[in-house]
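K.L.:
Quick one: the structure is below, questions incoming.
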Protein chains: 2
Amino acid sequence: MGTKLTIDDIAEALGVSKTTVSRAISGKGRIGRETRGRVQEYIQAHNYKPNVIAKGLAQQRTYNIVVAWPGDPGIVELPFFQNCLIGMSQAAEDAGYDILVSVADSKDISKLQRIVENHKVDGAVLTRTLVRDPLAAYLKESGLPFVAIGSTEDPEVLQIDNDHYAACRELTSVLLAKGIRKLALIGGEDNLVITQTRRSGFLAAFEDAKIQPDRSLIFTGTDGQAEVTDMVDEILEKKADGVICMDDFFAGNVMEVCKSRKIRIPEDLKLASFYDSSVLDYASPAVTSLNFNDRRLGAAAIRMLLDKIEGKEVKNIRLKTYEVMLRESTK
Amino acid sequence: MGTKLTIDDIAEALGVSKTTVSRAISGKGRIGRETRGRVQEYIQAHNYKPNVIAKGLAQQRTYNIVVAWPGDPGIVELPFFQNCLIGMSQAAEDAGYDILVSVADSKDISKLQRIVENHKVDGAVLTRTLVRDPLAAYLKESGLPFVAIGSTEDPEVLQIDNDHYAACRELTSVLLAKGIRKLALIGGEDNLVITQTRRSGFLAAFEDAKIQPDRSLIFTGTDGQAEVTDMVDEILEKKADGVICMDDFFAGNVMEVCKSRKIRIPEDLKLASFYDSSVLDYASPAVTSLNFNDRRLGAAAIRMLLDKIEGKEVKNIRLKTYEVMLRESTK
DNA sequence: TTGTATGCGTTATCAT
DNA sequence: ATGATAACGCATACAA
């Protein structure tokens, strides 16, 4: 039962030294073919599992990765993080690592700090990055290897992300090509890098199409239903023919407001979202949006981090795996 | 910087033995008031943090808890798990523990097994329990302390859960009191304990009201949109005046079917869900449902587990914190 | 190829 | 009240 089998027990049972057993397991150092076989056989038969804690103590490693999770209500429910976690978990598992989560407000360093200072992890993944990220700054100073999901301005920070710039540019282009020219943009917090990236992609599409965007129709820095109501009213007043939202929550808000204002989608106003989630699964009409592969993103982030930990040279990654999902709301 | 400060360094700097330093920190064993003060002061000034790994090796502990997460697509997106995690994380943090996640299919033991056998955790939390749960069976055999969120039949397994029985009974009672008497029930997988619990609560309400339920209107063991379509047709054919769904996904499905069948909610058919999530946030009409406090549940589960780990006597918990959210769909 | 001795950072067991 | 020393389970430099 309680597999308390240690490397010493095996050594004694086989009449060899613990060093030999250790070598047979790790494969490091020269060791006799036959001896090695005996050890392998024994650990197989007795289901020996090395104590990772002890192993870690000896080589100053934990075989744990911490994932910093945003605890903000609202954001929390986006399936992105959950899907991302599945990918991360799988990738970590494949390498013999485990995932430790730290959920906290993005501006609160303390939780992550405790974990790092207690030597509980070999690296970290940030799942959401602010423009000037406190967590990133702390990790950088601490010297712990880490990667950020979502772009940061700091070139020294390892980054991985979906190519939101290209994706948003494409979605916008598609809408412009459909003849929707007075397009409004409703976005998230200004201090999120992704907000700026999306806006850039949005504007780039206008440039591609040689159309002058109406910058007074770009609303960022918002955060809440009340403001959205005002925005929609302003948008309607300015006779816009379409709205792109930075995420599904905003899209949902817009739909509610339109409903109360008797504005029909897509007849009176087209609607699209930069992120596809289940939040709008049952919304009517179905909303045109961008679809990313979050699991893949999570897995890639972990592999990248592990490479970094092993001292390999790693470069930033920008995943191209996205697709524009055209639905009823822009017909 | 690289806080490589060890207990030895402190001992040397203060001219005492490491034993003394260890005592001053842990508070265990007798130690002079003055000596203790000096040590405390020193570790404060130099920001000393004990190496939890080494500490763990010495006392056969990891200060880690593993949370088994269901990896099934679909379930994944329910905000329950994410909210639950926030509560768990907080409770663990308060006790100096960290949360390690293992995401896998509920029937796949291997992931969890690796973590347990490698001695990486002191305990486990199961976030979803099957009727005959393989994970629970494995953990039980392994001897590792664990608690299950969601009831199990096995009385030897520590359990904590919202009182779904009472909650579903109440929701059903409310609807019956509103005069909705031909109530249908559409439910989840038969091998989930919660499915059975909810059905029991549903039936209990009928008994309370001394009304005979039409058992042919109870549909469990379903899993998918196609079947739901058939069910709704059958329900309509039998002239039911209301439907209760076991979760928001089913409720969403029902709404879609009704829409295509030109059935109006709530005029032609009332609708309610046993679980309130953001999945239906933008659904119209708003759906009447039960609202639980998931964070609180997560936190309580962790505290319960830690008590168990520390050898305290712990008993099963059934949280009463729920409320019936009456909305438009049952007006 | 194999074994010995030592270290990793902490707690626990004895003495003193 | 304090200190020397031995665990904890594994890795590794150095010897043999």
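Going through the structure tokens in order, the chains are called A, B, and so on, while each chain numbers its residues from 1 and the ligands are numbered from 1 in the order shown.
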If you take only C-alpha atoms (C1' of nucleotides) and a cut-off of 10 Å, which residues of chain D touch region 6-27 of chain A, and what are their nearest atom pairs and distances in Å to one decimal, in chain and number order, as a Markdown table?
P.N.:
```
| residue | atom | partner | partner_atom | distance |
| --- | --- | --- | --- | --- |
| D:DG9 | C1' | A:Thr6 | CA | 6.9 |
| D:DC10 | C1' | A:Ile7 | CA | 7.7 |
| D:DA11 | C1' | A:Ser22 | CA | 7.7 |
| D:DT12 | C1' | A:Thr19 | CA | 8.8 |
```
K.L.:
Okay, now the selection with N, CA and C atoms (P, O5', C5', C4', C3', O3' and C1' of nucleotides), as a PDB file, in the first residue's frame?
P.N.:
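The file below, again-v5.pdb, is the result:
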```
ATOM      1  P    DG D   9      12.294   8.931   3.698  1.00  0.00           P
ATOM      2  O5'  DG D   9      12.883   9.209   2.253  1.00  0.00           O
ATOM      3  C5'  DG D   9      12.124   9.978   1.337  1.00  0.00           C
ATOM      4  C4'  DG D   9      12.994  10.364   0.168  1.00  0.00           C
ATOM      5  C3'  DG D   9      13.633   9.195  -0.574  1.00  0.00           C
ATOM      6  O3'  DG D   9      13.327   9.326  -1.942  1.00  0.00           O
ATOM      7  C1'  DG D   9      15.257  10.829  -0.047  1.00  0.00           C
ATOM      8  P    DC D  10      13.877   8.324  -3.019  1.00  0.00           P
ATOM      9  O5'  DC D  10      15.001   9.234  -3.660  1.00  0.00           O
ATOM     10  C5'  DC D  10      14.602  10.407  -4.365  1.00  0.00           C
ATOM     11  C4'  DC D  10      15.790  11.304  -4.591  1.00  0.00           C
ATOM     12  C3'  DC D  10      16.806  10.795  -5.605  1.00  0.00           C
ATOM     13  O3'  DC D  10      16.756  11.631  -6.755  1.00  0.00           O
ATOM     14  C1'  DC D  10      17.850  11.767  -3.678  1.00  0.00           C
ATOM     15  P    DA D  11      17.653  11.251  -8.002  1.00  0.00           P
ATOM     16  O5'  DA D  11      18.901  12.214  -7.780  1.00  0.00           O
ATOM     17  C5'  DA D  11      18.710  13.612  -7.875  1.00  0.00           C
ATOM     18  C4'  DA D  11      20.044  14.327  -7.712  1.00  0.00           C
ATOM     19  C3'  DA D  11      21.105  13.983  -8.749  1.00  0.00           C
ATOM     20  O3'  DA D  11      21.796  15.171  -9.067  1.00  0.00           O
ATOM     21  C1'  DA D  11      21.956  13.543  -6.596  1.00  0.00           C
ATOM     22  P    DT D  12      22.658  15.297 -10.367  1.00  0.00           P
ATOM     23  O5'  DT D  12      24.142  15.400  -9.809  1.00  0.00           O
ATOM     24  C5'  DT D  12      24.416  16.282  -8.715  1.00  0.00           C
ATOM     25  C4'  DT D  12      25.818  16.003  -8.181  1.00  0.00           C
ATOM     26  C3'  DT D  12      26.791  15.471  -9.238  1.00  0.00           C
ATOM     27  O3'  DT D  12      28.086  15.997  -8.963  1.00  0.00           O
ATOM     28  C1'  DT D  12      26.729  13.993  -7.454  1.00  0.00           C
TER      29       DT D  12
END
```
K.L.:
If you run DSSP on the backbone here, which positions in region 109-228 of chain A get alpha helix (DSSP H)? Please write them as a VMD selection string.
P.N.:
chain A and resid 110 to 117 134 to 142 164 to 177 193 to 208 225 to 228
K.L.:
I need the residues from that last selection saved to file as a compact mmCIF listing (two decimals), in the first residue's frame (with N, CA and C atoms), if you can.
P.N.:
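For reference, again.txt as written:
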```
# COMPACT_ATOMS: atom_id res chain seq x y z
N SER A 110 1.39 40.05 -3.94
CA SER A 110 1.67 39.26 -2.75
C SER A 110 1.50 37.75 -2.88
N LYS A 111 0.41 37.32 -3.52
CA LYS A 111 0.16 35.89 -3.63
C LYS A 111 1.28 35.21 -4.40
N LEU A 112 1.59 35.75 -5.54
CA LEU A 112 2.63 35.17 -6.37
C LEU A 112 3.98 35.23 -5.67
N GLN A 113 4.19 36.32 -5.00
CA GLN A 113 5.46 36.52 -4.31
C GLN A 113 5.71 35.44 -3.26
N ARG A 114 4.68 35.13 -2.55
CA ARG A 114 4.84 34.11 -1.51
C ARG A 114 5.27 32.79 -2.12
N ILE A 115 4.60 32.43 -3.19
CA ILE A 115 4.92 31.18 -3.87
C ILE A 115 6.35 31.16 -4.38
N VAL A 116 6.75 32.24 -4.97
CA VAL A 116 8.11 32.31 -5.51
C VAL A 116 9.15 32.28 -4.40
N GLU A 117 8.93 33.09 -3.39
CA GLU A 117 9.91 33.18 -2.30
C GLU A 117 10.02 31.88 -1.52
N PRO A 134 2.67 44.71 -12.96
CA PRO A 134 3.37 44.56 -11.68
C PRO A 134 3.93 43.15 -11.50
N LEU A 135 3.15 42.16 -11.91
CA LEU A 135 3.60 40.78 -11.77
C LEU A 135 4.84 40.55 -12.63
N ALA A 136 4.78 41.00 -13.85
CA ALA A 136 5.92 40.83 -14.76
C ALA A 136 7.15 41.53 -14.19
N ALA A 137 6.94 42.71 -13.67
CA ALA A 137 8.06 43.47 -13.11
C ALA A 137 8.68 42.71 -11.94
N TYR A 138 7.81 42.18 -11.10
CA TYR A 138 8.32 41.43 -9.95
C TYR A 138 9.10 40.20 -10.38
N LEU A 139 8.52 39.44 -11.28
CA LEU A 139 9.17 38.21 -11.73
C LEU A 139 10.51 38.50 -12.39
N LYS A 140 10.52 39.53 -13.15
CA LYS A 140 11.76 39.92 -13.82
C LYS A 140 12.85 40.18 -12.79
N GLU A 141 12.49 40.89 -11.77
CA GLU A 141 13.46 41.21 -10.73
C GLU A 141 13.89 39.97 -9.95
N SER A 142 12.94 39.06 -9.78
CA SER A 142 13.24 37.86 -9.01
C SER A 142 14.16 36.90 -9.75
N HIS A 164 -3.61 38.68 -32.26
CA HIS A 164 -4.83 39.48 -32.20
C HIS A 164 -4.81 40.64 -33.19
N TYR A 165 -3.63 41.13 -33.45
CA TYR A 165 -3.53 42.23 -34.40
C TYR A 165 -4.04 41.77 -35.77
N ALA A 166 -3.46 40.72 -36.28
CA ALA A 166 -3.86 40.21 -37.60
C ALA A 166 -5.32 39.76 -37.60
N ALA A 167 -5.72 39.13 -36.51
CA ALA A 167 -7.08 38.61 -36.45
C ALA A 167 -8.11 39.74 -36.48
N CYS A 168 -7.89 40.74 -35.67
CA CYS A 168 -8.83 41.85 -35.61
C CYS A 168 -8.83 42.64 -36.91
N ARG A 169 -7.65 42.68 -37.50
CA ARG A 169 -7.55 43.36 -38.79
C ARG A 169 -8.38 42.62 -39.83
N GLU A 170 -8.31 41.30 -39.77
CA GLU A 170 -9.06 40.52 -40.74
C GLU A 170 -10.56 40.63 -40.53
N LEU A 171 -10.97 40.51 -39.28
CA LEU A 171 -12.40 40.62 -39.00
C LEU A 171 -12.94 41.97 -39.47
N THR A 172 -12.21 43.01 -39.15
CA THR A 172 -12.64 44.35 -39.56
C THR A 172 -12.69 44.46 -41.08
N SER A 173 -11.67 43.91 -41.71
CA SER A 173 -11.62 43.95 -43.18
C SER A 173 -12.84 43.28 -43.80
N VAL A 174 -13.17 42.15 -43.24
CA VAL A 174 -14.32 41.41 -43.76
C VAL A 174 -15.59 42.26 -43.68
N LEU A 175 -15.75 42.94 -42.56
CA LEU A 175 -16.94 43.77 -42.40
C LEU A 175 -16.92 44.97 -43.36
N LEU A 176 -15.77 45.57 -43.49
CA LEU A 176 -15.65 46.71 -44.41
C LEU A 176 -15.99 46.26 -45.82
N ALA A 177 -15.49 45.08 -46.18
CA ALA A 177 -15.74 44.54 -47.53
C ALA A 177 -17.22 44.28 -47.75
N VAL A 193 -2.87 45.41 -22.58
CA VAL A 193 -2.16 45.47 -23.85
C VAL A 193 -3.07 45.05 -25.00
N ILE A 194 -3.87 44.05 -24.74
CA ILE A 194 -4.71 43.51 -25.79
C ILE A 194 -5.69 44.55 -26.34
N THR A 195 -6.10 45.45 -25.49
CA THR A 195 -7.01 46.50 -25.95
C THR A 195 -6.34 47.36 -27.03
N GLN A 196 -5.12 47.70 -26.78
CA GLN A 196 -4.39 48.51 -27.76
C GLN A 196 -4.11 47.74 -29.04
N THR A 197 -3.75 46.47 -28.86
CA THR A 197 -3.46 45.64 -30.02
C THR A 197 -4.67 45.52 -30.93
N ARG A 198 -5.82 45.28 -30.32
CA ARG A 198 -7.04 45.13 -31.11
C ARG A 198 -7.39 46.43 -31.85
N ARG A 199 -7.23 47.52 -31.16
CA ARG A 199 -7.54 48.78 -31.79
C ARG A 199 -6.61 49.02 -33.00
N SER A 200 -5.35 48.65 -32.84
CA SER A 200 -4.41 48.80 -33.95
C SER A 200 -4.85 47.98 -35.15
N GLY A 201 -5.27 46.74 -34.88
CA GLY A 201 -5.72 45.88 -35.97
C GLY A 201 -6.95 46.46 -36.64
N PHE A 202 -7.84 46.98 -35.81
CA PHE A 202 -9.06 47.62 -36.30
C PHE A 202 -8.71 48.76 -37.25
N LEU A 203 -7.80 49.61 -36.82
CA LEU A 203 -7.41 50.77 -37.63
C LEU A 203 -6.66 50.35 -38.90
N ALA A 204 -5.84 49.31 -38.77
CA ALA A 204 -5.07 48.85 -39.92
C ALA A 204 -5.98 48.42 -41.06
N ALA A 205 -7.10 47.80 -40.69
CA ALA A 205 -8.04 47.35 -41.72
C ALA A 205 -8.61 48.54 -42.49
N PHE A 206 -8.85 49.61 -41.78
CA PHE A 206 -9.35 50.83 -42.45
C PHE A 206 -8.31 51.34 -43.43
N GLU A 207 -7.07 51.31 -42.97
CA GLU A 207 -5.99 51.78 -43.83
C GLU A 207 -5.89 50.90 -45.07
N ASP A 208 -5.97 49.59 -44.84
CA ASP A 208 -5.91 48.66 -45.98
C ASP A 208 -6.98 49.00 -47.01
N GLN A 225 -22.00 48.07 -17.93
CA GLN A 225 -23.23 48.18 -18.70
C GLN A 225 -23.70 49.62 -18.88
N ALA A 226 -23.62 50.41 -17.81
CA ALA A 226 -24.14 51.77 -17.86
C ALA A 226 -23.50 52.57 -19.00
N GLU A 227 -22.17 52.53 -19.03
CA GLU A 227 -21.48 53.27 -20.06
C GLU A 227 -21.85 52.78 -21.45
N VAL A 228 -21.98 51.47 -21.57
CA VAL A 228 -22.30 50.91 -22.87
C VAL A 228 -23.61 51.49 -23.39
```
K.L.:
If we count only C-alpha atoms (C1' of nucleotides), what is near Thr152 (chain B) at a cut-off of 9 Å, once residues fewer than 4 positions away on the same chain are taken out, given as a list in words?
P.N.:
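So, after excluding close chain neighbours, the residues are Thr129, Leu130, Val131, Arg132, Asp133, Ala148, Val157, Leu158, Gln159, Val193 and Ile194 of chain B.
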K.L.:
Specify as JSON, numbers by chain all residues of chain D found within 9 Å of chain B, counting only C-alpha atoms (C1' of nucleotides).
P.N.:
{"D": [1, 2, 3, 4, 7, 8, 9]}
K.L.:
Enumerate as a PyMOL selection string the residues belonging to chain A that approach chain B to within 7 Å, with only C-alpha atoms taken into account.
P.N.:
chain A and resi 1-2+49-54+57+71+76-77+79+82+86+89+99-103+117-120+142+252+278-280+282-283
K.L.:
For a test of reading the model, state the distance in Å between CA of Gly298 (chain B) and CA of Leu126 (chain B), rounded to one decimal.
P.N.:
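Straight-line distance from CA of Gly298 (chain B) to CA of Leu126 (chain B) works out to 10.7 Å.
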K.L.:
Fewer than 4 positions away in the same chain doesn't count, so skip those; otherwise give me all residues within 7 Å of region 264-269 of chain A, counting only C-alpha atoms (C1' of nucleotides), as a list in words.
P.N.:
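After dropping sequence-adjacent residues, the list is Asp241, Gly242, Cys258, Ser329, Thr330 and Lys331 of chain A.
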K.L.:
Contacts of DA16 (chain D) at 12 Å or less, counting only C-alpha atoms (C1' of nucleotides), minus same-chain residues fewer than 5 places along, as JSON, numbers by chain?
P.N.:
{"C": [1, 2, 3, 4]}
K.L.:
Please extract the residues of region 18-90 of chain B with a backbone DSSP assignment of strand (DSSP E or B) and present them as a PyMOL selection string.
P.N.:
chain B and resi 64-70
K.L.:
Could you work out which residues of chain C fall inside 7 Å of chain B? Count only C-alpha atoms (C1' of nucleotides), and format the result as a list in words.
P.N.:
DG9, DT10 and DT11 of chain C
K.L.:
With all heavy atoms retained, write the just-selected residues as a short mmCIF file (atom, residue, chain, number, x, y, z; two decimals), in the first residue's frame.
P.N.:
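out22.cif, freshly written:
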```cif
data_model
loop_
_atom_site.label_atom_id
_atom_site.label_comp_id
_atom_site.auth_asym_id
_atom_site.auth_seq_id
_atom_site.Cartn_x
_atom_site.Cartn_y
_atom_site.Cartn_z
P DG C 9 20.55 25.06 0.39
OP1 DG C 9 20.23 26.18 -0.51
OP2 DG C 9 21.84 24.99 1.06
"O5'" DG C 9 19.42 25.01 1.52
"C5'" DG C 9 18.06 25.08 1.13
"C4'" DG C 9 17.19 24.67 2.28
"O4'" DG C 9 17.47 23.30 2.64
"C3'" DG C 9 17.38 25.50 3.55
"O3'" DG C 9 16.11 25.87 4.02
"C2'" DG C 9 18.08 24.54 4.50
"C1'" DG C 9 17.56 23.19 4.03
N9 DG C 9 18.44 22.06 4.30
C8 DG C 9 19.81 22.06 4.29
N7 DG C 9 20.33 20.88 4.54
C5 DG C 9 19.22 20.06 4.73
C6 DG C 9 19.16 18.68 5.04
O6 DG C 9 20.08 17.87 5.20
N1 DG C 9 17.84 18.24 5.14
C2 DG C 9 16.73 19.04 4.99
N2 DG C 9 15.55 18.46 5.12
N3 DG C 9 16.79 20.34 4.70
C4 DG C 9 18.05 20.77 4.59
P DT C 10 15.90 26.78 5.27
OP1 DT C 10 14.98 27.85 4.88
OP2 DT C 10 17.21 27.11 5.88
"O5'" DT C 10 15.17 25.81 6.28
"C5'" DT C 10 14.04 25.09 5.83
"C4'" DT C 10 13.77 23.84 6.61
"O4'" DT C 10 14.85 22.91 6.43
"C3'" DT C 10 13.64 23.98 8.12
"O3'" DT C 10 12.24 24.02 8.45
"C2'" DT C 10 14.24 22.71 8.69
"C1'" DT C 10 14.78 21.96 7.47
N1 DT C 10 16.13 21.41 7.70
C2 DT C 10 16.27 20.08 8.02
O2 DT C 10 15.32 19.33 8.12
N3 DT C 10 17.56 19.67 8.22
C4 DT C 10 18.70 20.44 8.12
O4 DT C 10 19.80 19.96 8.32
C5 DT C 10 18.49 21.83 7.80
C7 DT C 10 19.65 22.76 7.68
C6 DT C 10 17.22 22.25 7.60
P DT C 11 11.83 24.18 9.99
OP1 DT C 11 10.48 24.77 9.98
OP2 DT C 11 12.92 24.82 10.75
"O5'" DT C 11 11.74 22.67 10.49
"C5'" DT C 11 10.83 21.78 9.88
"C4'" DT C 11 11.01 20.39 10.45
"O4'" DT C 11 12.39 19.96 10.30
"C3'" DT C 11 10.69 20.26 11.94
"O3'" DT C 11 9.95 19.06 12.13
"C2'" DT C 11 12.07 20.17 12.60
"C1'" DT C 11 12.86 19.45 11.53
N1 DT C 11 14.34 19.65 11.56
C2 DT C 11 15.17 18.57 11.63
O2 DT C 11 14.76 17.42 11.70
N3 DT C 11 16.51 18.87 11.61
C4 DT C 11 17.08 20.12 11.53
O4 DT C 11 18.30 20.26 11.52
C5 DT C 11 16.15 21.22 11.46
C7 DT C 11 16.65 22.61 11.37
C6 DT C 11 14.83 20.94 11.48
#
```
K.L.:
For the atom pair C1' of DT5 (chain D) and C1' of DT16 (chain C), what is the interatomic distance in Å to one decimal place?
P.N.:
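Separating C1' of DT5 (chain D) from C1' of DT16 (chain C) is a distance of 13.3 Å.
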K.L.:
Would you work out the distance separating CA of Asp161 (chain A) from CA of Arg327 (chain A), expressed in Å to one decimal?
P.N.:
25.2 Å
